[in-house]
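Engineer: protein_15.csv (CSV, C-alpha atoms and all ligand atoms) pasted underneath:
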```csv
chain,number,residue,atom,x,y,z
A,1,MET,CA,8.9,2.4,25.4
A,2,LYS,CA,5.6,3.1,26.9
A,3,PRO,CA,4.0,0.2,28.8
A,4,PHE,CA,0.8,-1.3,27.3
A,5,ALA,CA,-1.7,-4.0,28.0
A,6,PHE,CA,-1.5,-7.1,25.8
A,7,ALA,CA,-4.6,-9.2,24.8
A,8,ARG,CA,-4.7,-12.6,23.3
A,9,PRO,CA,-8.3,-13.1,22.5
A,10,ALA,CA,-9.9,-16.5,21.7
A,11,ASP,CA,-11.3,-15.5,18.3
A,12,VAL,CA,-11.8,-12.7,15.9
A,13,ALA,CA,-15.1,-11.5,17.4
A,14,GLU,CA,-13.4,-11.1,20.8
A,15,ALA,CA,-10.5,-9.4,19.2
A,16,VAL,CA,-12.8,-6.8,17.7
A,17,ARG,CA,-14.7,-6.3,20.9
A,18,ASP,CA,-11.4,-5.9,22.9
A,19,ALA,CA,-10.0,-3.4,20.4
A,20,ALA,CA,-13.3,-1.4,20.1
A,21,ALA,CA,-13.6,-1.1,23.9
A,22,GLU,CA,-10.2,0.7,24.2
A,23,PRO,CA,-10.0,3.9,22.0
A,24,ASN,CA,-6.2,3.7,22.0
A,25,SER,CA,-5.7,0.1,20.9
A,26,VAL,CA,-4.0,-1.6,17.9
A,27,PHE,CA,-4.0,-5.0,16.3
A,28,LEU,CA,-0.7,-6.9,16.1
A,29,ALA,CA,-0.1,-9.2,13.2
A,30,GLY,CA,3.5,-10.0,12.0
A,31,GLY,CA,4.7,-7.0,14.0
A,32,THR,CA,7.3,-6.1,11.4
A,33,ASN,CA,6.0,-2.5,11.3
A,34,LEU,CA,4.1,-2.1,14.5
A,35,VAL,CA,6.9,-3.3,16.8
A,36,ASP,CA,9.4,-0.8,15.4
A,37,HIS,CA,6.8,1.9,16.0
A,38,LEU,CA,6.3,0.8,19.6
A,39,LYS,CA,10.0,0.9,20.2
A,40,LEU,CA,10.4,4.3,18.6
A,41,GLY,CA,7.5,5.9,20.4
A,42,VAL,CA,5.7,6.5,17.2
A,43,ALA,CA,2.8,4.2,18.3
A,44,THR,CA,1.8,4.6,22.0
A,45,PRO,CA,-1.2,2.4,22.4
A,46,GLU,CA,-2.8,1.4,25.8
A,47,LEU,CA,-3.7,-2.0,24.4
A,48,VAL,CA,-2.2,-4.3,21.8
A,49,VAL,CA,-4.5,-7.0,20.6
A,50,ASP,CA,-2.7,-10.0,19.1
A,51,VAL,CA,-4.5,-11.4,16.1
A,52,ARG,CA,-1.6,-13.5,14.6
A,53,GLN,CA,-3.3,-16.8,15.5
A,54,LEU,CA,-6.9,-15.7,14.9
A,55,THR,CA,-7.4,-14.9,11.3
A,56,SER,CA,-7.0,-17.5,8.6
A,57,ARG,CA,-3.6,-18.8,7.3
A,58,GLU,CA,-5.3,-20.4,4.3
A,59,ILE,CA,-5.3,-19.4,0.6
A,60,THR,CA,-8.6,-20.8,-0.8
A,61,ASP,CA,-10.2,-21.0,-4.2
A,62,SER,CA,-13.4,-19.0,-4.6
A,63,PRO,CA,-16.4,-20.3,-6.7
A,64,ASP,CA,-15.9,-17.5,-9.3
A,65,GLY,CA,-12.3,-18.5,-10.1
A,66,GLY,CA,-10.7,-16.1,-7.7
A,67,LEU,CA,-8.7,-16.6,-4.5
A,68,ARG,CA,-9.3,-15.7,-0.9
A,69,LEU,CA,-6.1,-14.8,1.0
A,70,GLY,CA,-6.6,-15.2,4.8
A,71,ALA,CA,-5.4,-12.2,6.7
A,72,ALA,CA,-2.7,-14.2,8.5
A,73,THR,CA,-1.2,-15.7,5.3
A,74,THR,CA,2.4,-14.5,5.1
A,75,ASN,CA,3.8,-12.5,2.3
A,76,SER,CA,6.2,-15.4,1.5
A,77,GLN,CA,3.4,-17.9,1.4
A,78,VAL,CA,1.3,-15.8,-1.0
A,79,ALA,CA,4.2,-15.0,-3.3
A,80,ALA,CA,5.1,-18.8,-3.5
A,81,ASP,CA,1.6,-20.0,-4.1
A,82,PRO,CA,1.5,-21.6,-7.6
A,83,ARG,CA,-2.0,-20.2,-8.3
A,84,VAL,CA,-0.8,-16.6,-7.5
A,85,ARG,CA,2.4,-17.1,-9.5
A,86,GLU,CA,0.5,-18.4,-12.6
A,87,ARG,CA,-2.7,-16.3,-12.6
A,88,TRP,CA,-1.8,-13.1,-10.6
A,89,PRO,CA,2.0,-12.8,-11.3
A,90,VAL,CA,1.8,-9.0,-10.6
A,91,LEU,CA,1.0,-9.8,-6.9
A,92,ALA,CA,3.8,-12.4,-6.6
A,93,GLN,CA,6.3,-10.0,-8.2
A,94,ALA,CA,5.2,-7.1,-5.9
A,95,LEU,CA,5.5,-9.2,-2.8
A,96,LEU,CA,9.0,-10.5,-3.8
A,97,SER,CA,10.2,-6.9,-4.5
A,98,GLY,CA,9.5,-5.9,-0.9
A,99,ALA,CA,11.6,-6.1,2.2
A,100,THR,CA,13.7,-9.3,2.7
A,101,GLY,CA,13.0,-13.1,3.0
A,102,GLN,CA,12.9,-13.0,6.8
A,103,LEU,CA,10.5,-10.0,6.9
A,104,ARG,CA,8.2,-11.6,4.2
A,105,ASN,CA,8.1,-14.8,6.3
A,106,ALA,CA,6.6,-12.7,9.2
A,107,ALA,CA,4.6,-10.0,7.4
A,108,THR,CA,1.0,-10.8,6.7
A,109,THR,CA,-1.8,-10.1,4.1
A,110,GLY,CA,-3.7,-8.1,6.8
A,111,GLY,CA,-0.7,-6.1,8.0
A,112,ASN,CA,1.1,-5.3,4.8
A,113,PRO,CA,-1.5,-2.9,3.3
A,114,LEU,CA,-1.8,-1.2,6.7
A,115,GLN,CA,1.9,-0.5,7.2
A,116,ARG,CA,2.5,3.2,7.9
A,117,THR,CA,4.4,5.7,5.7
A,118,ARG,CA,8.2,5.6,5.5
A,119,CYS,CA,8.4,9.5,5.7
A,120,VAL,CA,11.5,9.9,7.8
A,121,TYR,CA,9.9,12.6,9.9
A,122,PHE,CA,7.0,10.3,10.8
A,123,SER,CA,9.4,8.0,12.6
A,124,ASP,CA,11.4,10.8,14.2
A,125,VAL,CA,9.5,11.8,17.3
A,126,THR,CA,11.6,14.9,17.7
A,127,THR,CA,10.1,16.5,14.6
A,128,PRO,CA,6.6,18.0,13.9
A,129,CYS,CA,4.4,15.5,12.0
A,130,ASN,CA,0.7,15.9,11.5
A,131,LYS,CA,0.3,12.2,10.8
A,132,ARG,CA,2.0,11.1,14.1
A,133,GLU,CA,0.9,14.1,16.2
A,134,PRO,CA,-2.2,15.8,14.7
A,135,GLY,CA,-1.9,19.6,14.5
A,136,SER,CA,1.9,19.7,15.0
A,137,GLY,CA,2.8,20.6,11.4
A,138,CYS,CA,4.7,18.8,8.6
A,139,SER,CA,8.5,18.7,8.6
A,140,ALA,CA,8.7,17.2,5.1
A,141,VAL,CA,7.6,20.3,3.2
A,142,GLY,CA,10.8,21.9,2.0
A,143,GLY,CA,12.8,19.0,3.7
A,144,TYR,CA,13.7,15.6,2.5
A,145,THR,CA,11.0,14.9,-0.1
A,146,ARG,CA,12.6,12.2,-2.3
A,147,TYR,CA,10.1,9.6,-1.1
A,148,HIS,CA,7.1,11.9,-1.0
A,149,ALA,CA,4.0,12.4,-3.1
A,150,VAL,CA,3.5,14.2,-6.4
A,151,LEU,CA,-0.1,13.3,-6.9
A,152,GLY,CA,-3.2,14.1,-4.8
A,153,THR,CA,-1.4,16.9,-2.9
A,154,PRO,CA,-3.3,20.1,-2.6
A,155,SER,CA,-0.7,22.6,-3.8
A,156,ALA,CA,2.9,23.0,-5.1
A,157,LEU,CA,4.2,24.1,-1.7
A,158,PRO,CA,1.8,23.3,1.1
A,159,ASP,CA,1.8,25.3,4.3
A,160,PRO,CA,4.1,23.3,6.7
A,161,THR,CA,2.3,24.7,9.7
A,162,ALA,CA,-1.3,23.8,8.6
A,163,PRO,CA,-2.9,20.9,10.4
A,164,ASP,CA,-4.0,19.2,7.2
A,165,THR,CA,-0.6,19.2,5.5
A,166,CYS,CA,1.0,15.9,4.7
A,167,ILE,CA,2.8,14.9,1.5
A,168,ALA,CA,3.6,11.3,2.6
A,169,THR,CA,3.3,8.3,0.3
A,170,HIS,CA,2.0,4.8,1.1
A,171,PRO,CA,5.0,2.4,1.1
A,172,SER,CA,3.5,-1.0,0.4
A,173,ASP,CA,4.3,-2.8,-2.8
A,174,MET,CA,1.6,-5.4,-2.3
A,175,ALA,CA,-1.0,-2.7,-2.0
A,176,VAL,CA,-0.1,-1.3,-5.5
A,177,ALA,CA,-0.7,-4.8,-7.0
A,178,LEU,CA,-3.9,-5.3,-5.1
A,179,ALA,CA,-5.2,-1.9,-6.4
A,180,ALA,CA,-4.5,-3.0,-10.0
A,181,LEU,CA,-6.3,-6.4,-9.4
A,182,ASP,CA,-9.5,-4.7,-8.0
A,183,ALA,CA,-9.1,-6.9,-4.9
A,184,GLN,CA,-11.8,-6.8,-2.2
A,185,VAL,CA,-11.1,-6.4,1.5
A,186,GLN,CA,-13.2,-8.4,4.0
A,187,VAL,CA,-13.5,-6.6,7.2
A,188,LEU,CA,-15.1,-7.5,10.6
A,189,GLY,CA,-15.9,-4.6,12.9
A,190,PRO,CA,-18.0,-3.8,16.0
A,191,ASP,CA,-21.0,-3.3,13.6
A,192,GLY,CA,-20.5,-6.6,11.7
A,193,GLU,CA,-18.9,-7.6,8.4
A,194,ARG,CA,-18.4,-5.4,5.4
A,195,THR,CA,-16.5,-5.6,2.1
A,196,VAL,CA,-14.3,-2.6,1.0
A,197,PRO,CA,-13.0,-2.4,-2.6
A,198,PHE,CA,-9.2,-2.3,-2.3
A,199,VAL,CA,-9.0,0.9,-4.3
A,200,GLU,CA,-11.2,2.6,-1.7
A,201,LEU,CA,-9.3,1.2,1.4
A,202,HIS,CA,-6.6,4.0,1.5
A,203,ARG,CA,-7.4,7.7,1.7
A,204,LEU,CA,-6.0,10.8,0.3
A,205,VAL,CA,-5.0,13.2,3.1
A,206,GLY,CA,-8.1,15.3,3.1
A,207,ALA,CA,-8.6,17.2,6.4
A,208,ASP,CA,-7.0,14.4,8.6
A,209,PRO,CA,-3.4,13.3,7.8
A,210,SER,CA,-3.4,10.9,10.7
A,211,ARG,CA,-5.8,8.5,9.0
A,212,ASP,CA,-4.3,6.3,6.3
A,213,THR,CA,-7.4,4.2,5.5
A,214,VAL,CA,-11.2,4.3,5.6
A,215,LEU,CA,-11.2,1.6,8.3
A,216,GLU,CA,-13.0,2.6,11.6
A,217,HIS,CA,-11.4,2.0,15.0
A,218,GLY,CA,-11.7,-1.7,15.9
A,219,GLU,CA,-12.2,-2.9,12.3
A,220,LEU,CA,-10.1,-6.0,11.5
A,221,ILE,CA,-9.2,-7.2,8.1
A,222,THR,CA,-10.1,-10.9,8.0
A,223,ALA,CA,-9.2,-11.7,4.3
A,224,ILE,CA,-8.4,-10.2,0.9
A,225,ASP,CA,-10.1,-11.5,-2.2
A,226,LEU,CA,-8.5,-11.6,-5.6
A,227,PRO,CA,-11.2,-11.6,-8.4
A,228,ALA,CA,-10.4,-13.8,-11.4
A,229,LEU,CA,-8.8,-12.0,-14.3
A,230,PRO,CA,-10.1,-12.5,-17.9
A,231,ALA,CA,-8.6,-15.5,-19.8
A,232,GLY,CA,-5.3,-14.5,-21.4
A,233,ALA,CA,-4.7,-11.5,-19.0
A,234,ARG,CA,-1.0,-10.6,-18.5
A,235,SER,CA,0.2,-8.7,-15.5
A,236,ALA,CA,3.5,-7.4,-14.1
A,237,TYR,CA,5.0,-5.3,-11.3
A,238,ARG,CA,8.0,-3.0,-11.8
A,239,LYS,CA,9.7,-1.2,-8.9
A,240,VAL,CA,12.3,1.6,-9.1
A,241,ARG,CA,14.4,2.2,-6.0
A,242,ASP,CA,17.7,3.6,-4.8
A,243,ARG,CA,19.3,0.1,-4.5
A,244,ALA,CA,18.4,-3.3,-5.8
A,245,SER,CA,17.2,-4.8,-2.5
A,246,TYR,CA,15.9,-3.8,0.9
A,247,ALA,CA,14.6,-0.4,-0.3
A,248,PHE,CA,11.2,1.1,-0.7
A,249,ALA,CA,9.9,2.3,-4.1
A,250,LEU,CA,10.7,5.7,-5.5
A,251,VAL,CA,8.0,4.8,-8.0
A,252,SER,CA,6.4,1.5,-8.9
A,253,VAL,CA,3.9,0.3,-11.4
A,254,ALA,CA,1.4,-2.6,-11.3
A,255,ALA,CA,-0.2,-3.3,-14.7
A,256,VAL,CA,-2.8,-5.7,-16.0
A,257,VAL,CA,-3.6,-6.0,-19.7
A,258,ALA,CA,-6.6,-8.0,-20.9
A,259,ASP,CA,-9.2,-7.8,-23.7
A,260,GLY,CA,-8.3,-4.3,-24.9
A,261,GLU,CA,-8.4,-3.0,-21.3
A,262,VAL,CA,-5.4,-1.9,-19.3
A,263,ARG,CA,-5.2,-1.3,-15.6
A,264,ILE,CA,-2.4,0.7,-14.2
A,265,ALA,CA,-1.7,1.3,-10.5
A,266,LEU,CA,1.2,3.5,-9.3
A,267,GLY,CA,3.2,3.3,-6.1
A,268,GLY,CA,5.4,5.9,-4.5
A,269,VAL,CA,3.6,8.9,-5.9
A,270,ALA,CA,0.6,9.5,-3.6
A,271,HIS,CA,-0.8,9.0,-0.1
A,272,LYS,CA,-2.5,5.9,-1.5
A,273,PRO,CA,-1.9,3.4,-4.2
A,274,TRP,CA,-2.8,5.5,-7.3
A,275,ARG,CA,-5.1,4.0,-10.0
A,276,ALA,CA,-4.2,5.9,-13.2
A,277,ALA,CA,-7.9,6.1,-14.2
A,278,ARG,CA,-7.4,8.9,-16.8
A,279,ALA,CA,-4.5,7.0,-18.5
A,280,GLU,CA,-6.6,3.7,-18.5
A,281,GLU,CA,-9.5,5.5,-20.1
A,282,ILE,CA,-7.3,7.0,-22.9
A,283,LEU,CA,-5.7,3.7,-23.6
A,284,ARG,CA,-8.8,1.6,-23.6
A,285,GLY,CA,-9.0,-0.3,-27.0
A,286,THR,CA,-5.9,1.4,-28.4
A,287,GLU,CA,-2.6,-0.2,-29.4
A,288,LEU,CA,-0.2,0.2,-26.5
A,289,THR,CA,2.6,1.8,-28.4
A,290,GLU,CA,5.3,3.7,-26.4
A,291,HIS,CA,4.0,7.0,-27.9
A,292,ALA,CA,0.3,6.2,-26.9
A,293,VAL,CA,1.3,5.2,-23.4
A,294,ALA,CA,3.5,8.2,-22.8
A,295,ALA,CA,0.7,10.5,-24.0
A,296,ALA,CA,-1.8,8.9,-21.7
A,297,MET,CA,0.6,9.3,-18.8
A,298,ALA,CA,1.1,13.0,-19.6
A,299,ALA,CA,-2.7,13.4,-19.2
A,300,GLU,CA,-2.6,11.4,-16.0
A,301,LEU,CA,0.2,13.5,-14.5
A,302,ALA,CA,-1.2,16.9,-15.6
A,303,THR,CA,-2.1,17.7,-12.0
A,304,ALA,CA,1.1,16.4,-10.5
A,305,GLN,CA,2.8,18.7,-8.0
A,306,PRO,CA,6.5,18.1,-7.6
A,307,GLN,CA,7.8,19.1,-4.2
A,308,PRO,CA,11.0,21.1,-3.8
A,309,GLY,CA,13.4,20.1,-1.0
A,310,ILE,CA,16.8,18.7,0.0
A,311,ASP,CA,18.6,16.9,-2.8
A,312,ALA,CA,16.5,18.7,-5.5
A,313,GLY,CA,13.1,17.5,-4.3
A,314,ASN,CA,11.0,14.9,-6.0
A,315,GLY,CA,10.3,16.4,-9.5
A,316,PHE,CA,12.3,13.4,-11.0
A,317,LYS,CA,9.3,11.2,-10.2
A,318,ILE,CA,7.2,12.6,-13.0
A,319,PRO,CA,9.4,11.5,-15.9
A,320,LEU,CA,10.4,8.4,-14.0
A,321,VAL,CA,6.9,7.1,-13.4
A,322,THR,CA,6.1,7.7,-17.1
A,323,ARG,CA,9.1,5.7,-18.2
A,324,THR,CA,8.3,2.9,-15.8
A,325,VAL,CA,4.7,2.6,-17.1
A,326,VAL,CA,6.0,2.6,-20.7
A,327,ALA,CA,8.6,-0.1,-19.8
A,328,THR,CA,6.0,-2.2,-18.0
A,329,LEU,CA,3.5,-2.1,-20.8
A,330,ARG,CA,6.2,-2.8,-23.3
A,331,GLN,CA,7.1,-5.9,-21.4
A,332,LEU,CA,3.4,-7.0,-21.4
A,333,THR,CA,2.6,-6.2,-25.0
A,334,PRO,CA,5.8,-6.9,-27.1
A,335,GLU,CA,3.5,-7.2,-30.2
A,336,ALA,CA,2.4,-3.6,-29.9
A,337,GLN,CA,6.0,-2.4,-30.2
A,338,SER,CA,7.0,-3.9,-33.5
A,401,LIG,C1,13.6,-3.1,6.9
A,401,LIG,C2,12.3,-3.2,6.3
A,401,LIG,C3,12.2,-3.1,4.9
A,401,LIG,C4,10.9,-3.2,4.3
A,401,LIG,N1,10.8,-3.1,3.0
A,401,LIG,C5,9.6,-3.1,2.4
A,401,LIG,C6,9.4,-2.9,1.0
A,401,LIG,O1,10.3,-2.8,0.2
A,401,LIG,N2,8.1,-3.0,0.5
A,401,LIG,C7,7.0,-3.1,1.3
A,401,LIG,O2,5.9,-3.1,0.8
A,401,LIG,N3,7.2,-3.3,2.6
A,401,LIG,C8,8.4,-3.3,3.2
A,401,LIG,N4,8.5,-3.4,4.5
A,401,LIG,C9,7.3,-3.3,5.4
A,401,LIG,C10,6.7,-4.7,5.6
A,401,LIG,O3,6.2,-5.2,4.4
A,401,LIG,C11,5.6,-4.5,6.6
A,401,LIG,O4,6.2,-4.1,7.8
A,401,LIG,C12,4.7,-5.7,6.7
A,401,LIG,O5,4.1,-6.0,5.5
A,401,LIG,C13,3.6,-5.4,7.8
A,401,LIG,O6,2.9,-6.6,8.0
A,401,LIG,P1,2.8,-7.2,9.5
A,401,LIG,O7,1.9,-8.4,9.4
A,401,LIG,O8,4.1,-7.4,10.1
A,401,LIG,O9,2.0,-6.0,10.2
A,401,LIG,P2,2.1,-5.4,11.7
A,401,LIG,O10,3.4,-4.7,11.9
A,401,LIG,O11,1.7,-6.4,12.7
A,401,LIG,O12,1.0,-4.3,11.6
A,401,LIG,C14,1.0,-3.2,10.7
A,401,LIG,C15,-0.3,-2.4,10.9
A,401,LIG,O13,-1.4,-3.1,10.5
A,401,LIG,C16,-2.4,-3.3,11.5
A,401,LIG,N5,-2.9,-4.6,11.3
A,401,LIG,C17,-2.2,-5.7,11.2
A,401,LIG,N6,-3.1,-6.8,10.8
A,401,LIG,C18,-4.3,-6.2,10.8
A,401,LIG,C19,-5.6,-6.8,10.5
A,401,LIG,N7,-5.8,-8.0,10.2
A,401,LIG,N8,-6.6,-5.9,10.5
A,401,LIG,C20,-6.5,-4.6,10.8
A,401,LIG,N9,-5.3,-4.1,11.2
A,401,LIG,C21,-4.2,-4.9,11.1
A,401,LIG,C22,-1.6,-3.1,12.8
A,401,LIG,O14,-2.4,-2.6,13.9
A,401,LIG,C23,-0.5,-2.1,12.4
A,401,LIG,O15,-1.1,-0.8,12.5
A,401,LIG,C24,9.8,-3.3,5.1
A,401,LIG,C25,9.9,-3.5,6.5
A,401,LIG,C26,11.1,-3.4,7.1
A,401,LIG,C27,11.2,-3.5,8.6
A,402,LIG,S1,4.7,14.2,5.1
A,402,LIG,FE1,3.1,13.5,6.5
A,402,LIG,S2,4.2,11.9,7.6
A,402,LIG,FE2,5.8,13.2,6.7
A,402,LIG,S3,6.2,14.8,8.2
A,402,LIG,FE3,4.6,15.6,6.9
A,402,LIG,S4,2.7,15.1,8.0
A,402,LIG,FE4,4.3,13.8,8.8
```
Kindly return the structure encoded in the file as structure tokens.
Ligand SMILES: Cc1cc2nc3c(=O)[nH]c(=O)nc-3n(C[C@H](O)[C@H](O)[C@H](O)COP(=O)(O)OP(=O)(O)OC[C@H]3O[C@@H](n4cnc5c(N)ncnc54)[C@H](O)[C@@H]3O)c2cc1C
Ligand code: SF4

Structural biologist:
Amino acid sequence: MKPFAFARPADVAEAVRDAAAEPNSVFLAGGTNLVDHLKLGVATPELVVDVRQLTSREITDSPDGGLRLGAATTNSQVAADPRVRERWPVLAQALLSGATGQLRNAATTGGNPLQRTRCVYFSDVTTPCNKREPGSGCSAVGGYTRYHAVLGTPSALPDPTAPDTCIATHPSDMAVALAALDAQVQVLGPDGERTVPFVELHRLVGADPSRDTVLEHGELITAIDLPALPAGARSAYRKVRDRASYAFALVSVAAVVADGEVRIALGGVAHKPWRAARAEEILRGTELTEHAVAAAMAAELATAQPQPGIDAGNGFKIPLVTRTVVATLRQLTPEAQS
């Protein structure tokens, strides 16, 4: 493990100043992702800035009926909060579907959405990986693609030697629920505070696979806001994985149904939590029968690009995510199925 300097600033302003002053610095929250990467040599910072004790550990009511989750609240704390369980069950379910009790006790609201991909080549420093080492290539193309993207990728078989190739997915369950909830991210950076809509926090690969989010260097998440849902809203999270516990999503679905509107966010299919905007538009105001939902998902997935690879690639995700959306909306609207 490469040696690094460790800073324990007095407050968030100092933390941001410290991080911004060193181009190769990172924030440390629960450490459940970052510490693994430090040990593996995936992350090689000069400076680690500890923010565990600096951002809020409180969950507070907002005047508009929403909730503010301080960045240092733990995944366990948020999942157990009675307000979250009652009014945003999709978030509690997503959190409880992730990792294990011990990990959720340490993992934080700020760190969870910023965890890095679980692409096996990303954490194997002996292999080329544009996300870990820009310009080195992408070992996943034609390799082990079971956990990789089918949406938002540029072509059916990208060039593994091109510097902009990356077919990784974002692994967070919490992030998929936050995308469906239209959460807002409060950020403090060297240039002050700003609010980032959660659906815009994560990026598609574009020209730079090394960047997962739109955050600039030195920007710290201080809180995430959950807006109120309409009265009578129902929400749920469904995750499909290779084993029942301690596994990342092959695909996942966060859905919210309210007032003739349906919101659908997909996990495990793209470089970012994927809002199924096309399917949502088709389903607006319609009865959510299995047939209607499957047809809307066919439109949503019209541009999907299954990747070939070891173990038959990841084409199975396309029917699987459709069935998972159908099952989730069936659960939320049993009256539409009769
Ligand atoms: C065995 C195992 C199984 C897991 N299974 C799942 C799973 O099924 N589903 C799932 O969703 N997750 C899973 N996880 C991942 C886990 O949820 C994340 O590691 C955790 O949520 C990260 O939060 P943290 O506070 O520990 O972040 P850290 O590890 O401290 O940091 C993660 C990243 O976020 C940055 N960061 C942290 N806080 C801030 C902040 N406030 N502002 C800006 N940047 C910040 C750090 O610099 C770092 O880059 C698993 C992890 C392990 C080890
Ligand atoms: S998919 Fe992305 S993270 Fe995985 S090897 Fe390719 S560039 Fe690296």

Engineer: Find the residues around Leu95 (chain A) up to 9 Å (all atoms listed in the file counted), leave out those fewer than 2 positions away in its own chain, and share them as number ranges by chain.

Structural biologist: A: 75-76, 78-79, 90-93, 97-99, 104, 173-174, 177

Engineer: Let me see the file: selected residues, C-alpha atoms, as a PDB file, in the frame of the given file.

Structural biologist:
```pdb
ATOM      1  CA  ASN A  75       3.800 -12.500   2.300  1.00  0.00           C
ATOM      2  CA  SER A  76       6.200 -15.400   1.500  1.00  0.00           C
ATOM      3  CA  VAL A  78       1.300 -15.800  -1.000  1.00  0.00           C
ATOM      4  CA  ALA A  79       4.200 -15.000  -3.300  1.00  0.00           C
ATOM      5  CA  VAL A  90       1.800  -9.000 -10.600  1.00  0.00           C
ATOM      6  CA  LEU A  91       1.000  -9.800  -6.900  1.00  0.00           C
ATOM      7  CA  ALA A  92       3.800 -12.400  -6.600  1.00  0.00           C
ATOM      8  CA  GLN A  93       6.300 -10.000  -8.200  1.00  0.00           C
ATOM      9  CA  SER A  97      10.200  -6.900  -4.500  1.00  0.00           C
ATOM     10  CA  GLY A  98       9.500  -5.900  -0.900  1.00  0.00           C
ATOM     11  CA  ALA A  99      11.600  -6.100   2.200  1.00  0.00           C
ATOM     12  CA  ARG A 104       8.200 -11.600   4.200  1.00  0.00           C
ATOM     13  CA  ASP A 173       4.300  -2.800  -2.800  1.00  0.00           C
ATOM     14  CA  MET A 174       1.600  -5.400  -2.300  1.00  0.00           C
ATOM     15  CA  ALA A 177      -0.700  -4.800  -7.000  1.00  0.00           C
TER      16      ALA A 177
END
```

Engineer: Using only C-alpha atoms and all ligand atoms, which of A:Leu301, A:Ala107, A:Val16, A:Ala223 sits nearest ligand LIG 401 (chain A)?

Structural biologist: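 Of the candidates, the smallest distance to ligand LIG 401 (chain A) is held by A:Ala107.
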
Engineer: Return as a VMD selection string the residues of protein, DNA or RNA that approach ligand LIG 401 (chain A) to within 6 Å, with all atoms listed in the file taken into account.

Structural biologist: chain A and resid 26 to 34 71 98 to 99 106 to 108 110 to 112 114 to 115 171 to 174 220 to 222 246 to 248

Engineer: What does the structure give for the distance between CA of Thr161 (chain A) and CA of His271 (chain A), in Å to one decimal?

Structural biologist: 18.8 Å

Engineer: In terms of the shortest atom-to-atom distance over all atoms listed in the file, which of A:Glu86, A:Leu320, A:Val205, A:Leu178 is closest to Lys239 (chain A)?

Structural biologist: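 When distances to Lys239 (chain A) are compared using all atoms listed in the file, the smallest one comes from A:Leu320.
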
Engineer: Give the residues close to ligand LIG 402 (chain A), within 10 Å, counting only C-alpha atoms and all ligand atoms; write them as a PyMOL selection string.

Structural biologist: chain A and resi 116-124+127-141+143-145+147-149+160-170+205+208-210+271

Engineer: For the residues in the current selection, export C-alpha atoms as a compact mmCIF listing (two decimals), keeping the file's coordinate frame.

Structural biologist:
```
# COMPACT_ATOMS: atom_id res chain seq x y z
CA ARG A 116 2.50 3.20 7.90
CA THR A 117 4.40 5.70 5.70
CA ARG A 118 8.20 5.60 5.50
CA CYS A 119 8.40 9.50 5.70
CA VAL A 120 11.50 9.90 7.80
CA TYR A 121 9.90 12.60 9.90
CA PHE A 122 7.00 10.30 10.80
CA SER A 123 9.40 8.00 12.60
CA ASP A 124 11.40 10.80 14.20
CA THR A 127 10.10 16.50 14.60
CA PRO A 128 6.60 18.00 13.90
CA CYS A 129 4.40 15.50 12.00
CA ASN A 130 0.70 15.90 11.50
CA LYS A 131 0.30 12.20 10.80
CA ARG A 132 2.00 11.10 14.10
CA GLU A 133 0.90 14.10 16.20
CA PRO A 134 -2.20 15.80 14.70
CA GLY A 135 -1.90 19.60 14.50
CA SER A 136 1.90 19.70 15.00
CA GLY A 137 2.80 20.60 11.40
CA CYS A 138 4.70 18.80 8.60
CA SER A 139 8.50 18.70 8.60
CA ALA A 140 8.70 17.20 5.10
CA VAL A 141 7.60 20.30 3.20
CA GLY A 143 12.80 19.00 3.70
CA TYR A 144 13.70 15.60 2.50
CA THR A 145 11.00 14.90 -0.10
CA TYR A 147 10.10 9.60 -1.10
CA HIS A 148 7.10 11.90 -1.00
CA ALA A 149 4.00 12.40 -3.10
CA PRO A 160 4.10 23.30 6.70
CA THR A 161 2.30 24.70 9.70
CA ALA A 162 -1.30 23.80 8.60
CA PRO A 163 -2.90 20.90 10.40
CA ASP A 164 -4.00 19.20 7.20
CA THR A 165 -0.60 19.20 5.50
CA CYS A 166 1.00 15.90 4.70
CA ILE A 167 2.80 14.90 1.50
CA ALA A 168 3.60 11.30 2.60
CA THR A 169 3.30 8.30 0.30
CA HIS A 170 2.00 4.80 1.10
CA VAL A 205 -5.00 13.20 3.10
CA ASP A 208 -7.00 14.40 8.60
CA PRO A 209 -3.40 13.30 7.80
CA SER A 210 -3.40 10.90 10.70
CA HIS A 271 -0.80 9.00 -0.10
```

Engineer: Please report as a Markdown table every residue of region 145-259 of chain A lying within 9 Å of region 329-335 of chain A, along with the nearest atom pair and their distance in Å (one decimal), using all atoms listed in the file.

Structural biologist:
```
| residue | atom | partner | partner_atom | distance |
| --- | --- | --- | --- | --- |
| A:Arg234 | CA | A:Leu332 | CA | 6.4 |
| A:Ser235 | CA | A:Leu332 | CA | 6.9 |
| A:Ala236 | CA | A:Leu332 | CA | 7.3 |
| A:Ala255 | CA | A:Leu329 | CA | 7.2 |
| A:Val256 | CA | A:Leu332 | CA | 8.3 |
| A:Val257 | CA | A:Leu332 | CA | 7.3 |
```

Engineer: Could you please take those selected residues and save C-alpha atoms as a short mmCIF file (atom, residue, chain, number, x, y, z; two decimals), keeping the file's coordinate frame?

Structural biologist:
```cif
data_model
loop_
_atom_site.label_atom_id
_atom_site.label_comp_id
_atom_site.auth_asym_id
_atom_site.auth_seq_id
_atom_site.Cartn_x
_atom_site.Cartn_y
_atom_site.Cartn_z
CA ARG A 234 -1.00 -10.60 -18.50
CA SER A 235 0.20 -8.70 -15.50
CA ALA A 236 3.50 -7.40 -14.10
CA ALA A 255 -0.20 -3.30 -14.70
CA VAL A 256 -2.80 -5.70 -16.00
CA VAL A 257 -3.60 -6.00 -19.70
#
```
